[in-house]
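Text of model-v5.cif, listed as mmCIF, C-alpha atoms:
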data_start
#
loop_
_atom_site.label_atom_id
_atom_site.label_comp_id
_atom_site.auth_asym_id
_atom_site.auth_seq_id
_atom_site.Cartn_x
_atom_site.Cartn_y
_atom_site.Cartn_z
CA MET Z 129 73.01 118.91 179.81
CA ALA Z 130 72.00 120.84 182.92
CA GLN Z 131 73.83 124.10 183.56
CA ASN Z 132 76.36 123.94 186.40
CA ILE Z 133 75.13 126.62 188.81
CA PHE Z 134 78.62 126.98 190.29
CA GLU Z 135 80.37 127.68 186.97
CA GLN Z 136 81.21 131.39 186.91
CA PHE Z 137 82.06 133.67 184.03
CA GLY Z 138 83.47 137.11 183.45
CA LEU Z 139 81.97 139.44 180.85
CA LYS Z 140 84.19 142.17 179.39
CA GLU Z 141 84.69 142.04 175.61
CA VAL Z 142 82.71 144.48 173.50
CA ALA Z 143 80.16 142.89 171.18
CA ASN Z 144 80.13 142.74 167.40
CA VAL Z 145 76.60 143.66 166.36
CA GLN Z 146 74.57 142.98 163.23
CA PHE Z 147 71.29 144.59 162.19
CA GLU Z 148 68.76 142.61 160.14
CA ALA Z 149 65.92 144.28 158.24
CA LEU Z 150 62.42 143.30 159.38
CA GLU Z 151 60.83 144.51 156.14
CA ASP Z 152 61.74 146.04 152.81
CA ASN Z 153 63.31 149.50 153.02
CA LYS Z 154 63.66 151.40 149.75
CA ARG Z 155 65.63 154.26 151.31
CA LEU Z 156 68.37 151.84 152.39
CA ASP Z 157 67.88 149.61 149.34
CA VAL Z 158 67.39 146.45 151.45
CA LYS Z 159 64.79 143.70 151.63
CA ALA Z 160 63.36 141.89 154.65
CA GLY Z 161 66.02 139.57 156.09
CA ASP Z 162 68.97 141.48 154.61
CA ILE Z 163 71.86 142.40 156.88
CA VAL Z 164 71.66 146.18 156.95
CA MET Z 165 74.70 146.92 159.08
CA TYR Z 166 77.56 145.07 160.80
CA LEU Z 167 79.54 146.80 163.55
CA ASP Z 168 82.87 145.27 164.56
CA THR Z 169 84.66 148.44 165.72
CA LEU Z 170 82.55 149.22 168.78
CA LYS Z 171 84.05 150.74 171.92
CA VAL Z 172 81.00 150.13 174.13
CA SER Z 173 77.98 147.81 173.92
CA THR Z 174 75.80 148.15 177.01
CA THR Z 175 72.46 146.50 177.75
CA GLU Z 176 70.42 148.10 180.54
CA VAL Z 177 67.23 146.57 181.96
CA THR Z 178 65.04 148.84 184.12
CA ALA Z 179 61.56 148.68 185.64
CA ASP Z 180 59.34 150.67 187.98
CA GLN Z 181 57.91 149.43 191.25
CA THR Z 182 54.94 150.16 193.44
CA GLU Z 183 54.18 148.62 196.81
CA ALA Z 184 51.55 148.11 199.45
CA LYS Z 185 52.51 149.29 202.93
CA GLY Z 186 50.76 148.94 206.25
CA GLY Z 187 50.90 147.88 209.86
CA TRP Z 188 53.15 149.11 212.66
CA GLY Z 189 56.07 151.01 211.15
CA ASN Z 190 54.34 151.02 207.76
CA PRO Z 191 56.67 148.41 206.19
CA SER Z 192 56.44 147.25 202.60
CA LEU Z 193 54.13 144.25 202.33
CA ILE Z 194 53.82 143.50 198.63
CA ILE Z 195 55.79 144.84 195.65
CA TRP Z 196 54.59 145.02 192.05
CA ASP Z 197 56.97 145.50 189.13
CA PHE Z 198 55.87 147.21 185.90
CA ASN Z 199 57.09 149.35 182.98
CA LYS Z 200 60.00 147.08 182.07
CA GLU Z 201 62.39 148.75 179.65
CA ILE Z 202 65.54 147.49 177.96
CA ASN Z 203 67.94 149.91 176.29
CA LEU Z 204 70.96 149.01 174.19
CA THR Z 205 73.73 151.59 173.91
CA LEU Z 206 76.41 151.21 171.23
CA GLN Z 207 79.40 153.47 170.70
CA ASP Z 208 81.40 153.00 167.51
CA ALA Z 209 84.96 154.18 166.95
CA LEU Z 210 84.42 154.35 163.18
CA PHE Z 211 81.52 154.87 160.81
CA THR Z 212 80.30 153.93 157.37
CA MET Z 213 77.85 155.86 155.21
CA GLN Z 214 75.42 153.00 155.82
CA SER Z 215 75.77 153.24 159.62
CA LEU Z 216 75.10 156.99 159.44
CA ALA Z 217 72.02 156.29 157.34
CA VAL Z 218 70.71 153.76 159.88
CA MET Z 219 71.41 156.17 162.77
CA THR Z 220 69.59 159.05 161.13
CA GLY Z 221 66.91 157.32 159.06
CA ALA Z 222 68.42 158.87 155.95
CA ALA Z 223 68.81 157.46 152.45
CA VAL Z 224 72.18 156.68 150.84
CA LYS Z 225 72.82 157.76 147.25
CA ASN Z 226 75.84 156.52 145.33
CA ALA Z 227 77.00 158.86 142.58
CA SER Z 228 76.38 157.48 139.08
CA SER Z 229 76.16 158.78 135.56
CA SER Z 230 72.37 158.89 135.87
CA ASP Z 231 72.20 160.10 139.48
CA LYS Z 232 75.04 162.50 140.18
CA VAL Z 233 76.03 163.95 143.56
CA LYS Z 234 76.76 167.67 143.72
CA VAL Z 235 79.45 168.94 146.09
CA ARG Z 236 80.74 172.44 146.88
CA TYR Z 237 84.46 172.77 146.11
CA ASN Z 238 86.88 175.59 146.83
CA GLU Z 239 90.49 176.24 145.96
CA GLU Z 240 93.05 179.04 146.12
CA VAL Z 241 94.78 180.24 142.94
CA VAL Z 242 97.45 182.88 142.35
CA GLY Z 243 96.04 185.53 140.04
CA ALA Z 244 97.22 185.25 136.42
CA GLU Z 245 96.01 186.32 132.99
CA SER Z 246 94.35 182.90 132.59
CA MET Z 247 93.63 180.57 135.50
CA THR Z 248 92.59 176.90 135.26
CA LEU Z 249 90.47 175.41 138.02
CA LYS Z 250 91.05 171.85 139.18
CA HIS Z 251 87.51 170.77 138.23
CA THR Z 252 84.80 171.80 135.81
CA PRO Z 253 82.23 173.92 137.65
CA VAL Z 254 78.49 173.41 137.50
CA GLY Z 255 76.89 176.85 137.38
CA ALA Z 256 78.46 180.09 138.55
CA VAL Z 257 81.96 180.40 140.01
CA LYS Z 258 82.19 182.67 143.05
CA TRP Z 259 85.48 184.28 144.00
CA ILE Z 260 87.11 186.36 146.71
CA ASP Z 261 90.39 188.22 146.22
CA ILE Z 262 92.05 187.49 149.56
CA THR Z 263 94.67 190.19 148.90
CA THR Z 264 92.21 193.05 148.36
CA GLY Z 265 88.90 191.76 149.72
CA LYS Z 266 87.15 192.20 146.35
CA ARG Z 267 84.56 189.59 145.46
CA GLY Z 268 82.17 188.56 142.71
CA GLN Z 269 81.15 185.68 140.49
CA VAL Z 270 81.70 184.38 136.98
CA ALA Z 271 78.54 182.99 135.38
CA ASP Z 272 79.85 180.91 132.47
CA GLY Z 273 80.84 177.83 134.54
CA SER Z 274 84.08 177.23 132.66
CA ALA Z 275 87.15 175.60 134.23
CA THR Z 276 89.24 178.38 132.64
CA VAL Z 277 88.83 181.81 134.24
CA ALA Z 278 90.28 184.99 132.72
CA LEU Z 279 91.67 187.59 135.10
CA THR Z 280 89.68 190.25 133.25
CA ALA Z 281 86.47 188.54 134.46
CA LEU Z 282 87.46 189.27 138.07
CA VAL Z 283 86.84 192.99 138.40
CA GLY Z 284 89.29 194.46 140.90
CA ALA Z 285 91.67 191.48 140.95
CA ALA Z 286 95.28 191.73 139.77
CA GLU Z 287 98.08 189.37 138.85
CA GLY Z 288 99.80 187.90 141.89
CA ASP Z 289 96.74 188.30 144.16
CA ARG Z 290 95.63 185.29 146.16
CA ILE Z 291 92.17 184.40 144.87
CA ARG Z 292 89.86 181.76 146.35
CA PHE Z 293 87.23 180.24 144.08
CA PHE Z 294 84.00 178.56 145.28
CA TYR Z 295 81.97 176.40 142.89
CA ASP Z 296 79.84 173.27 142.58
CA VAL Z 297 81.14 170.02 141.07
CA GLU Z 298 79.16 166.93 140.10
CA ALA Z 299 80.52 163.47 140.94
CA ASP Z 300 79.31 160.79 138.54
CA GLY Z 301 80.69 157.60 140.10
CA ALA Z 302 83.70 157.23 137.82
CA THR Z 303 86.87 155.63 139.21
CA ASP Z 304 88.34 158.92 140.44
CA ASN Z 305 85.03 160.79 140.73
CA ILE Z 306 83.15 159.05 143.56
CA ALA Z 307 80.68 160.39 146.11
CA TYR Z 308 78.17 159.00 148.61
CA GLU Z 309 75.36 161.18 149.89
CA ILE Z 310 72.96 160.80 152.82
CA THR Z 311 70.10 163.23 153.30
CA ILE Z 312 68.38 163.70 156.67
CA SER Z 313 64.84 164.89 156.14
CA ALA Z 314 62.19 166.11 158.59
CA ALA Z 315 59.79 163.29 157.69
CA ASN Z 316 62.07 160.24 158.03
CA PHE Z 317 63.28 158.61 161.25
CA PRO Z 318 65.43 155.58 162.09
CA GLY Z 319 63.75 152.19 161.81
CA THR Z 320 63.25 149.01 163.82
CA TYR Z 321 65.53 145.99 163.32
CA ARG Z 322 66.37 142.52 164.57
CA VAL Z 323 69.72 142.76 166.36
CA TYR Z 324 72.33 140.11 167.09
CA GLY Z 325 75.34 140.78 169.32
CA ASP Z 326 78.33 138.45 169.63
CA THR Z 327 80.89 138.59 172.42
CA LEU Z 328 82.91 136.24 174.64
CA VAL Z 329 82.67 135.19 178.27
CA ARG Z 330 85.60 133.71 180.19
CA ASN Z 331 85.44 131.11 182.95
CA ARG Z 332 87.73 131.06 185.97
CA ASN Z 333 90.14 128.72 184.19
CA GLY Z 334 90.64 131.27 181.42
CA LYS Z 335 88.58 129.49 178.75
CA ASP Z 336 86.53 131.74 176.46
CA SER Z 337 83.10 130.77 175.20
CA PRO Z 338 80.90 132.60 172.69
CA TYR Z 339 78.00 134.55 174.12
CA GLN Z 340 75.21 136.08 172.06
CA PHE Z 341 72.27 138.36 172.68
CA VAL Z 342 69.29 138.47 170.32
CA ILE Z 343 66.70 141.25 170.12
CA ASN Z 344 63.84 140.55 167.75
CA ARG Z 345 62.65 144.16 167.62
CA ALA Z 346 64.87 147.13 168.48
CA LYS Z 347 63.94 150.71 167.60
CA VAL Z 348 66.91 152.93 166.76
CA GLY Z 349 66.78 156.24 168.65
CA SER Z 350 66.58 159.51 166.73
CA GLU Z 351 69.15 161.43 168.80
CA VAL Z 352 72.51 161.68 167.01
CA THR Z 353 75.50 163.92 167.76
CA PHE Z 354 78.38 164.52 165.34
CA THR Z 355 81.41 166.01 167.10
CA MET Z 356 84.20 167.57 165.05
CA GLU Z 357 86.89 169.37 167.01
CA ALA Z 358 90.51 170.37 166.54
CA GLU Z 359 91.75 168.79 169.75
CA GLY Z 360 91.03 165.67 171.77
CA ASP Z 361 90.22 162.13 170.72
CA PRO Z 362 88.62 161.24 167.37
CA ALA Z 363 84.83 161.47 167.20
CA VAL Z 364 82.77 158.49 168.34
CA PHE Z 365 79.33 157.59 167.07
CA ASP Z 366 76.61 156.76 169.60
CA LEU Z 367 73.68 154.54 168.67
CA ASN Z 368 70.87 154.15 171.19
CA LEU Z 369 68.23 151.44 170.78
CA ARG Z 370 64.97 150.86 172.63
CA VAL Z 371 63.99 147.19 172.87
CA LEU Z 372 60.36 146.35 172.00
CA ARG Z 373 58.49 143.16 172.87
CA ASP Z 374 58.00 140.71 170.04
CA ASP Z 375 54.77 138.84 169.21
CA ASP Z 376 55.48 136.34 171.99
CA GLY Z 377 56.12 139.02 174.61
CA ASN Z 378 59.89 138.43 174.62
CA MET Z 379 62.36 141.33 174.60
CA ILE Z 380 65.91 139.95 174.68
CA LYS Z 381 67.61 136.59 175.07
CA PHE Z 382 71.17 135.68 175.98
CA ILE Z 383 72.81 132.52 174.68
CA LYS Z 384 76.06 130.94 175.88
CA TYR Z 385 77.10 128.20 173.52
CA ASP Z 386 80.12 126.22 172.32
CA LEU Z 387 80.31 124.84 168.78
CA GLY Z 388 83.89 123.66 169.15
CA ASP Z 389 85.47 126.76 167.62
CA ALA Z 390 88.81 127.97 168.97
CA TYR Z 391 88.95 131.35 170.73
#

Once you've parsed the file, please lay out its structure as structure tokens.
Amino acid sequence: MAQNIFEQFGLKEVANVQFEALEDNKRLDVKAGDIVMYLDTLKVSTTEVTADQTEAKGGWGNPSLIIWDFNKEINLTLQDALFTMQSLAVMTGAAVKNASSSDKVKVRYNEEVVGAESMTLKHTPVGAVKWIDITTGKRGQVADGSATVALTALVGAAEGDRIRFFYDVEADGATDNIAYEITISAANFPGTYRVYGDTLVRNRNGKDSPYQFVINRAKVGSEVTFTMEAEGDPAVFDLNLRVLRDDDGNMIKFIKYDLGDAY
């Protein structure tokens, strides 16, 4: 069926976007064709097409005679209201590690305790326990790594003092002992993916139709900003992608379709 050139649509709804692996990736534990990430909490999904121009000018008034276009670029900007550990890994090119009995995740923990003859920490430390007596400013460390700390081991501390302990704890993936770790290294950068985006367009009668864009090769940008502040709106997570041409020279395609689904 030929497209009606007078049928008009409005485009407003943010897209839901999925990332598909182009090849095996051990750091993300995915194989070629796997869905690496699905984003359905985006605030913004913007596609920008740009190009440069040069022209030949001449004659009276030196008007433009011929124009050449070149350096076509397509950039996709996504802004997510929420994040997952997997989305952070894709943004940064990092690897995700899930705590397990054979591959534990170490975290730094701290807690405040009122000084007593014998004090019990909430968790079992790994290595030395560092402490600061908030009341007097005295500080030091206990080397035995026990969850029970005797006041006599804290030289200069007294009963009733407010004491803050700092120590490492290992999460092993148990039901109430879970941790996920991503590590950003100097040598690893975000990858290239096939990207699908699904949104809706609305005609002038108010009917919505599905609308999809497909990018066969999109390189995730390396610039990432994490904002944590006491005031203002919650942090958002920006993901910038540079569209590359595929083997056929194509960069992006847009598809309006109707499979009979209700919207």

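For stretch 175-189 of chain Z, the list of residues within 7 Å, based on all atoms listed in the file and with local chain neighbours fewer than 3 positions off taken out, reads Ser192, Leu193, Ile194, Ile195, Trp196, Asp197, Phe198, Asn199, Lys200, Glu201, Ile202, Asn203, Leu204 and Thr205 of chain Z.
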
Explicit residues for the PyMOL selection byres ((chain Z and resi 323-334) around 7) (as a ChimeraX atom specification): /Z:136-139,141-148,321-322,335-344,346

Could you jot down the atom CA of Z:Val224 to atom CA of Z:Val164 separation for me, Å, one decimal place? 12.2 Å

Tell me which protein, DNA and RNA residues are within 10 Å of Z:Glu298, counting all atoms listed in the file, leaving out same-chain ones fewer than 2 positions away, and put them as a PDB file with C-alpha atoms, in the frame of the given file.
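Wrote selection_26.pdb, looks like this:
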ATOM      1  CA  ALA Z 227      77.000 158.860 142.580  1.00  0.00           C
ATOM      2  CA  SER Z 228      76.380 157.480 139.080  1.00  0.00           C
ATOM      3  CA  SER Z 229      76.160 158.780 135.560  1.00  0.00           C
ATOM      4  CA  ASP Z 231      72.200 160.100 139.480  1.00  0.00           C
ATOM      5  CA  LYS Z 232      75.040 162.500 140.180  1.00  0.00           C
ATOM      6  CA  VAL Z 233      76.030 163.950 143.560  1.00  0.00           C
ATOM      7  CA  LYS Z 234      76.760 167.670 143.720  1.00  0.00           C
ATOM      8  CA  VAL Z 235      79.450 168.940 146.090  1.00  0.00           C
ATOM      9  CA  ARG Z 236      80.740 172.440 146.880  1.00  0.00           C
ATOM     10  CA  TYR Z 237      84.460 172.770 146.110  1.00  0.00           C
ATOM     11  CA  HIS Z 251      87.510 170.770 138.230  1.00  0.00           C
ATOM     12  CA  THR Z 252      84.800 171.800 135.810  1.00  0.00           C
ATOM     13  CA  PRO Z 253      82.230 173.920 137.650  1.00  0.00           C
ATOM     14  CA  VAL Z 254      78.490 173.410 137.500  1.00  0.00           C
ATOM     15  CA  ASP Z 296      79.840 173.270 142.580  1.00  0.00           C
ATOM     16  CA  ASP Z 300      79.310 160.790 138.540  1.00  0.00           C
ATOM     17  CA  GLY Z 301      80.690 157.600 140.100  1.00  0.00           C
ATOM     18  CA  ASN Z 305      85.030 160.790 140.730  1.00  0.00           C
ATOM     19  CA  ILE Z 306      83.150 159.050 143.560  1.00  0.00           C
ATOM     20  CA  ALA Z 307      80.680 160.390 146.110  1.00  0.00           C
TER      21      ALA Z 307
END

Calculate how many Å separate atom CA of Z:Val348 from atom CA of Z:Thr220, rounding to one decimal.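 A separation of 8.7 Å between them.
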
Separation of atom CA of Z:Val172 and atom CA of Z:Ala217, in Å?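 Spanning atom CA of Z:Val172 to atom CA of Z:Ala217 is a straight-line distance of 20.0 Å.
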
For a cutoff of 8 Å around the file-coordinate point (64.6, 162.2, 153.5), which residues qualify once you count all atoms listed in the file? I'd like the result as a PyMOL selection string. chain Z and resi 221-223+311-316

To verify the selection step, state as a list in words which residues the PyMOL selection byres ((chain Z and resi 360-372) around 7) yields on this input.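 Answer for the PyMOL selection byres ((chain Z and resi 360-372) around 7): Ile202, Asn203, Leu204, Thr205, Leu206, Gln207, Asp208, Ala209, Leu210, Met219, Arg345, Ala346, Lys347, Val348, Gly349, Val352, Thr355, Met356, Glu359, Arg373, Asp374 and Met379 of chain Z.
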
Is it possible to get the axis-aligned box enclosing stretch 185-204 of chain Z (all listed atoms, 8 Å extra per side) as JSON, with centre and edge lengths in Å rounded to one decimal?
{"center_x": 60.9, "center_y": 147.3, "center_z": 193.4, "size_x": 36.2, "size_y": 23.5, "size_z": 54.5}

Fewer than 5 positions away in the same chain doesn't count, so skip those; otherwise give me all residues within 12 Å of stretch 261-263 of chain Z, counting all atoms listed in the file, as a list in words. Glu239, Glu240, Val241, Val242, Gly243, Gly268, Gln269, Leu279, Leu282, Val283, Gly284, Ala285, Ala286, Glu287, Gly288, Asp289, Arg290, Ile291, Arg292, Phe293 and Phe294 of chain Z

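Here the question is which of Z:Ala130, Z:Ile163, Z:Val257, Z:Leu156 gets nearest to Z:Asn238 using all atoms listed in the file, and that residue is Z:Val257.
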